[in-house]
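Visitor: File name my_file-v6.cif; file contents mmCIF, C-alpha atoms; full text below.
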```cif
data_query
#
loop_
_atom_site.group_PDB
_atom_site.id
_atom_site.type_symbol
_atom_site.label_atom_id
_atom_site.label_comp_id
_atom_site.auth_asym_id
_atom_site.auth_seq_id
_atom_site.Cartn_x
_atom_site.Cartn_y
_atom_site.Cartn_z
ATOM 1 C CA MET A 21 0.000 0.000 0.000
ATOM 2 C CA TYR A 22 1.496 3.310 -1.083
ATOM 3 C CA ASN A 23 -0.896 5.639 0.704
ATOM 4 C CA THR A 24 -0.696 4.675 4.353
ATOM 5 C CA ARG A 25 -2.591 7.790 5.493
ATOM 6 C CA GLY A 26 -5.625 7.455 3.199
ATOM 7 C CA SER A 27 -7.907 5.807 5.726
ATOM 8 C CA ASP A 28 -6.576 7.946 8.598
ATOM 9 C CA ASP A 29 -7.717 11.197 6.937
ATOM 10 C CA VAL A 30 -11.409 10.279 6.562
ATOM 11 C CA ARG A 31 -12.256 12.147 9.770
ATOM 12 C CA ARG A 32 -10.975 15.360 8.188
ATOM 13 C CA ILE A 33 -13.260 15.250 5.165
ATOM 14 C CA PHE A 34 -15.891 17.974 4.966
ATOM 15 C CA THR A 35 -19.316 17.769 3.315
ATOM 16 C CA GLY A 36 -21.901 20.337 2.256
ATOM 17 C CA LYS A 37 -23.352 20.385 5.771
ATOM 18 C CA ASP A 38 -20.110 22.011 6.935
ATOM 19 C CA GLY A 39 -20.498 24.988 4.575
ATOM 20 C CA LEU A 40 -22.560 28.134 5.112
ATOM 21 C CA LEU A 41 -23.225 31.313 3.164
ATOM 22 C CA PHE A 42 -23.994 34.518 5.040
ATOM 23 C CA SER A 43 -25.035 37.990 3.947
ATOM 24 C CA GLU A 44 -22.815 40.961 4.768
ATOM 25 C CA ALA A 45 -24.922 41.561 7.892
ATOM 26 C CA GLY A 46 -24.191 38.007 9.071
ATOM 27 C CA ASN A 47 -27.618 36.548 8.255
ATOM 28 C CA LEU A 48 -27.526 32.912 7.157
ATOM 29 C CA LEU A 49 -28.843 32.678 3.600
ATOM 30 C CA ALA A 50 -30.761 29.483 4.300
ATOM 31 C CA THR A 51 -32.480 29.571 0.911
ATOM 32 C CA VAL A 52 -29.129 28.899 -0.788
ATOM 33 C CA ASP A 53 -28.622 25.157 -1.074
ATOM 34 C CA SER A 54 -25.243 25.319 -2.812
ATOM 35 C CA PHE A 55 -22.538 27.799 -3.625
ATOM 36 C CA GLN A 56 -19.206 27.574 -5.406
ATOM 37 C CA THR A 57 -16.453 30.156 -5.613
ATOM 38 C CA GLN A 58 -13.819 29.956 -8.329
ATOM 39 C CA ILE A 59 -10.764 32.013 -9.170
ATOM 40 C CA ASN A 60 -9.526 32.202 -12.768
ATOM 41 C CA PHE A 61 -5.896 33.147 -13.360
ATOM 42 C CA THR A 62 -4.703 34.628 -16.659
ATOM 43 C CA ASN A 63 -0.965 34.559 -17.230
ATOM 44 C CA VAL A 64 1.271 36.029 -19.916
ATOM 45 C CA THR A 65 4.083 33.973 -21.393
ATOM 46 C CA TYR A 66 7.620 35.295 -21.210
ATOM 47 C CA GLN A 67 10.619 33.764 -22.921
ATOM 48 C CA PRO A 68 13.884 35.662 -22.533
ATOM 49 C CA LEU A 69 16.478 35.522 -25.303
ATOM 50 C CA GLY A 70 18.774 32.533 -24.964
ATOM 51 C CA ASP A 71 16.369 30.618 -22.682
ATOM 52 C CA PRO A 72 14.599 27.663 -24.345
ATOM 53 C CA GLN A 73 12.039 27.507 -21.544
ATOM 54 C CA SER A 74 8.875 29.613 -21.515
ATOM 55 C CA HIS A 75 7.860 31.211 -18.226
ATOM 56 C CA GLU A 76 4.530 32.626 -17.083
ATOM 57 C CA HIS A 77 3.727 35.742 -15.113
ATOM 58 C CA LEU A 78 0.392 36.662 -13.551
ATOM 59 C CA ALA A 79 -1.467 39.158 -15.730
ATOM 60 C CA SER A 80 -4.871 39.138 -14.037
ATOM 61 C CA TYR A 81 -7.381 37.090 -12.107
ATOM 62 C CA SER A 82 -11.134 37.069 -11.646
ATOM 63 C CA VAL A 83 -13.372 35.554 -8.985
ATOM 64 C CA THR A 84 -16.878 34.222 -9.611
ATOM 65 C CA ILE A 85 -19.557 32.777 -7.348
ATOM 66 C CA ASN A 86 -22.214 30.340 -8.538
ATOM 67 C CA ILE A 87 -25.242 29.966 -6.274
ATOM 68 C CA SER A 88 -28.293 27.749 -6.407
ATOM 69 C CA GLU A 89 -31.149 28.985 -4.255
ATOM 70 C CA CYS A 90 -34.695 27.934 -3.524
ATOM 71 C CA VAL A 91 -37.168 30.434 -4.984
ATOM 72 C CA ILE A 92 -39.389 30.233 -1.889
ATOM 73 C CA ARG A 93 -37.531 32.989 -0.023
ATOM 74 C CA ASP A 94 -35.442 34.920 -2.529
ATOM 75 C CA ILE A 95 -37.323 38.201 -2.357
ATOM 76 C CA SER A 96 -34.367 40.448 -1.500
ATOM 77 C CA PHE A 97 -32.120 39.175 -4.304
ATOM 78 C CA ILE A 98 -34.681 39.233 -7.078
ATOM 79 C CA LYS A 99 -36.065 42.634 -5.984
ATOM 80 C CA ASP A 100 -32.548 44.058 -6.306
ATOM 81 C CA VAL A 101 -32.188 42.587 -9.804
ATOM 82 C CA PHE A 102 -35.510 43.986 -11.001
ATOM 83 C CA ALA A 103 -34.669 47.383 -9.461
ATOM 84 C CA MET A 104 -31.413 47.319 -11.455
ATOM 85 C CA LEU A 105 -33.271 46.394 -14.651
ATOM 86 C CA LYS A 106 -35.726 49.241 -14.132
ATOM 87 C CA SER A 107 -33.217 51.928 -13.104
ATOM 88 C CA GLY A 108 -30.307 50.834 -15.279
ATOM 89 C CA GLN A 109 -28.042 51.406 -12.261
ATOM 90 C CA PRO A 110 -25.768 48.426 -11.560
ATOM 91 C CA TYR A 111 -25.339 49.291 -7.873
ATOM 92 C CA ASP A 112 -28.979 48.319 -7.269
ATOM 93 C CA ALA A 113 -27.864 44.666 -7.529
ATOM 94 C CA GLU A 114 -24.584 44.502 -5.624
ATOM 95 C CA TRP A 115 -23.951 42.260 -2.633
ATOM 96 C CA THR A 116 -21.294 41.193 -0.123
ATOM 97 C CA PHE A 117 -21.193 37.586 1.055
ATOM 98 C CA GLN A 118 -19.366 35.579 3.700
ATOM 99 C CA GLY A 119 -18.535 31.986 2.777
ATOM 100 C CA VAL A 120 -17.878 29.785 5.809
ATOM 101 C CA ILE A 121 -16.704 26.211 6.287
ATOM 102 C CA LYS A 122 -17.058 24.959 9.866
ATOM 103 C CA GLY A 123 -14.438 22.604 11.288
ATOM 104 C CA ARG A 124 -15.177 19.871 13.796
ATOM 105 C CA ASN A 125 -12.935 21.552 16.386
ATOM 106 C CA GLU A 126 -14.840 24.885 16.354
ATOM 107 C CA SER A 127 -12.409 26.413 13.855
ATOM 108 C CA GLU A 128 -13.749 27.918 10.652
ATOM 109 C CA GLN A 129 -12.593 29.139 7.288
ATOM 110 C CA ARG A 130 -14.309 32.445 6.523
ATOM 111 C CA ILE A 131 -13.864 34.336 3.254
ATOM 112 C CA ILE A 132 -15.521 37.697 2.494
ATOM 113 C CA TYR A 133 -16.620 38.427 -1.093
ATOM 114 C CA ARG A 134 -17.354 42.144 -1.642
ATOM 115 C CA ASP A 135 -19.180 44.013 -4.405
ATOM 116 C CA CYS A 136 -20.660 40.943 -6.092
ATOM 117 C CA VAL A 137 -22.752 41.708 -9.176
ATOM 118 C CA PRO A 138 -24.788 39.472 -11.498
ATOM 119 C CA SER A 139 -22.706 38.136 -14.375
ATOM 120 C CA GLY A 140 -23.588 35.788 -17.203
ATOM 121 C CA ASN A 141 -26.886 33.942 -17.018
ATOM 122 C CA LEU A 142 -29.423 34.270 -14.225
ATOM 123 C CA ASP A 143 -32.510 32.064 -13.994
ATOM 124 C CA LEU A 144 -35.610 34.249 -13.804
ATOM 125 C CA GLN A 145 -37.851 31.183 -13.864
ATOM 126 C CA ASN A 146 -36.656 27.587 -13.951
ATOM 127 C CA VAL A 147 -39.453 25.045 -13.461
ATOM 128 C CA SER A 148 -39.466 21.287 -13.966
ATOM 129 C CA PRO A 149 -42.098 18.756 -12.818
ATOM 130 C CA GLY A 150 -41.532 17.152 -9.434
ATOM 131 C CA ASP A 151 -38.548 19.324 -8.528
ATOM 132 C CA ILE A 152 -38.025 22.176 -6.080
ATOM 133 C CA ILE A 153 -38.073 25.474 -7.948
ATOM 134 C CA LYS A 154 -34.576 26.926 -7.822
ATOM 135 C CA ARG A 155 -32.790 29.866 -9.320
ATOM 136 C CA GLN A 156 -29.191 29.692 -10.541
ATOM 137 C CA TRP A 157 -27.059 32.789 -10.046
ATOM 138 C CA SER A 158 -23.683 33.610 -11.492
ATOM 139 C CA LEU A 159 -21.943 36.507 -9.767
ATOM 140 C CA PHE A 160 -18.710 38.365 -10.425
ATOM 141 C CA VAL A 161 -16.693 39.453 -7.380
ATOM 142 C CA ASN A 162 -15.343 42.977 -7.913
ATOM 143 C CA ARG A 163 -12.929 43.098 -4.973
ATOM 144 C CA PRO A 164 -10.229 40.639 -3.925
ATOM 145 C CA PRO A 165 -11.612 37.984 -1.556
ATOM 146 C CA GLU A 166 -10.605 38.525 2.066
ATOM 147 C CA LEU A 167 -9.553 35.461 4.075
ATOM 148 C CA GLN A 168 -10.675 36.046 7.672
ATOM 149 C CA ASN A 169 -9.956 32.649 9.297
ATOM 150 C CA PHE A 170 -8.189 29.387 8.482
ATOM 151 C CA LEU A 171 -9.466 25.926 9.319
ATOM 152 C CA SER A 172 -7.265 24.126 11.830
ATOM 153 C CA TYR A 173 -6.948 20.423 12.494
ATOM 154 C CA GLY A 174 -5.753 20.710 16.083
ATOM 155 C CA SER A 175 -7.847 21.719 19.042
ATOM 156 C CA GLY A 176 -9.353 25.167 19.404
ATOM 157 C CA GLN A 177 -9.928 28.023 16.995
ATOM 158 C CA GLY A 178 -8.015 28.369 13.764
ATOM 159 C CA PRO A 179 -5.670 31.335 13.388
ATOM 160 C CA ARG A 180 -7.195 34.665 12.505
ATOM 161 C CA VAL A 181 -5.895 36.533 9.478
ATOM 162 C CA HIS A 182 -5.051 40.183 10.070
#
```
Translate the structure of the given file into structure tokens.
Guide:
Amino acid sequence: MYNTRGSDDVRRIFTGKDGLLFSEAGNLLATVDSFQTQINFTNVTYQPLGDPQSHEHLASYSVTINISECVIRDISFIKDVFAMLKSGQPYDAEWTFQGVIKGRNESEQRIIYRDCVPSGNLDLQNVSPGDIIKRQWSLFVNRPPELQNFLSYGSGQGPRVH
């Protein structure tokens, strides 16, 4: 057996029940049944004279959030979107979120996502027989994510980021 730690690490696996999404005010967005945050890096290639190897340098990055939420209680989000459509002002639909993963030792990973705006496709209505009516959101994060806490595997709280 090459991986002698594989079975030992099962207790450290996290599932969806360990993740939470909060509003800026700290309210749990219980209508959101899933969320995913991704960062996309764009690099430029650099090859100096006399060097056969190409190198890459960071040119830019972007952060997106994809959310699936139950339509039952999404009044605040959808009202903001329709206000933006009516006024033509993008700031009418701009949010800040806190993504949290809870550890089993009371530590948590908390990341703040500021100035999120709708991007790409947004489900206005998405209905299929026998299924819970959900709305898919794709959001662009306009400020760098802020890591507030790390998860820790030892006892006690994880370190705070300053």
Visitor: Decode the PyMOL selection byres ((chain A and resi 66-81) around 12) for the given file into explicit residues and return them as a ChimeraX atom specification.
Guide: /A:58-65,82-84,160-165
Visitor: Restrict the calculation to only C-alpha atoms, then for each residue of region 38-112 of chain A with any atom at most 12 Å from an atom of region 146-151 of chain A give the closest atom pair and their distance in Å to one decimal, rows by chain and rising residue number, as a tab-separated table.
Guide:
```
residue	atom	partner	partner_atom	distance
A:Ser88	CA	A:Asn146	CA	11.3
A:Glu89	CA	A:Asn146	CA	11.2
A:Cys90	CA	A:Asn146	CA	10.6
A:Val91	CA	A:Asn146	CA	9.4
```
Visitor: So, counting only C-alpha atoms, which residue among A:Ile152, A:Val101, A:Ile33, A:Ile131 is closest to Thr51 (chain A)?
Guide: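 Going through A:Ile152, A:Val101, A:Ile33, A:Ile131 one by one, the smallest distance to Thr51 (chain A) is for A:Ile152.
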Visitor: Pick from A:Ser172, A:Asn141, A:Gln118, A:Ser43: nearest to Phe97 (chain A), with all atoms listed in the file counted?
Guide: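 Between A:Ser172, A:Asn141, A:Gln118, A:Ser43, the residue approaching Phe97 (chain A) most closely is A:Ser43.
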Visitor: Exactly which residues make up the result of the PyMOL selection byres ((chain A and resi 106-114) around 9) on this file, given as a list of chain:residue names?
Guide: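 Written out, the selection comes to A:Phe97, A:Ile98, A:Lys99, A:Asp100, A:Val101, A:Phe102, A:Ala103, A:Met104, A:Leu105, A:Trp115, A:Thr116, A:Arg134, A:Asp135, A:Cys136, A:Val137, A:Pro138.
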Visitor: Just checking: using all atoms listed in the file, which residue out of A:Ile121, A:Leu159, A:Leu40, A:Leu167 ends up closest to Leu142 (chain A)?
Guide: A:Leu159
Visitor: Do you know which residues are at most 7 Å from Gln56 (chain A) counting all atoms listed in the file, after dropping those on the same chain fewer than 6 positions away, and could you put them as an MDAnalysis selection string?
Guide: chainID A and resid 85:87
Visitor: Rounded to one decimal in Å, what is the spacing between CA of Ile95 (chain A) and CA of Gly39 (chain A)?
Guide: 22.5 Å
Visitor: Using CA of Gln156 (chain A) and CA of Glu128 (chain A) as the two end points, give the distance in Å to one decimal.
Guide: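 For CA of Gln156 (chain A) relative to CA of Glu128 (chain A), the distance reads 26.3 Å.
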Visitor: Of the candidates A:Ser158, A:Ile132, A:Leu144, A:Lys122, which one gets nearest to Glu44 (chain A) if we count all atoms listed in the file?
Guide: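 Going through A:Ser158, A:Ile132, A:Leu144, A:Lys122 one by one, the smallest distance to Glu44 (chain A) is for A:Ile132.
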Visitor: Which is closer to Gly36 (chain A) than all the others in A:Leu48, A:Leu171, A:Val120, A:Ile153, using all atoms listed in the file?
Guide: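 Of the candidates, the smallest distance to Gly36 (chain A) is held by A:Val120.
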Visitor: Record the distance separating CA of Val52 (chain A) and CA of Ser96 (chain A), expressed in Å with one decimal.
Guide: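 For CA of Val52 (chain A) relative to CA of Ser96 (chain A), the distance reads 12.7 Å.
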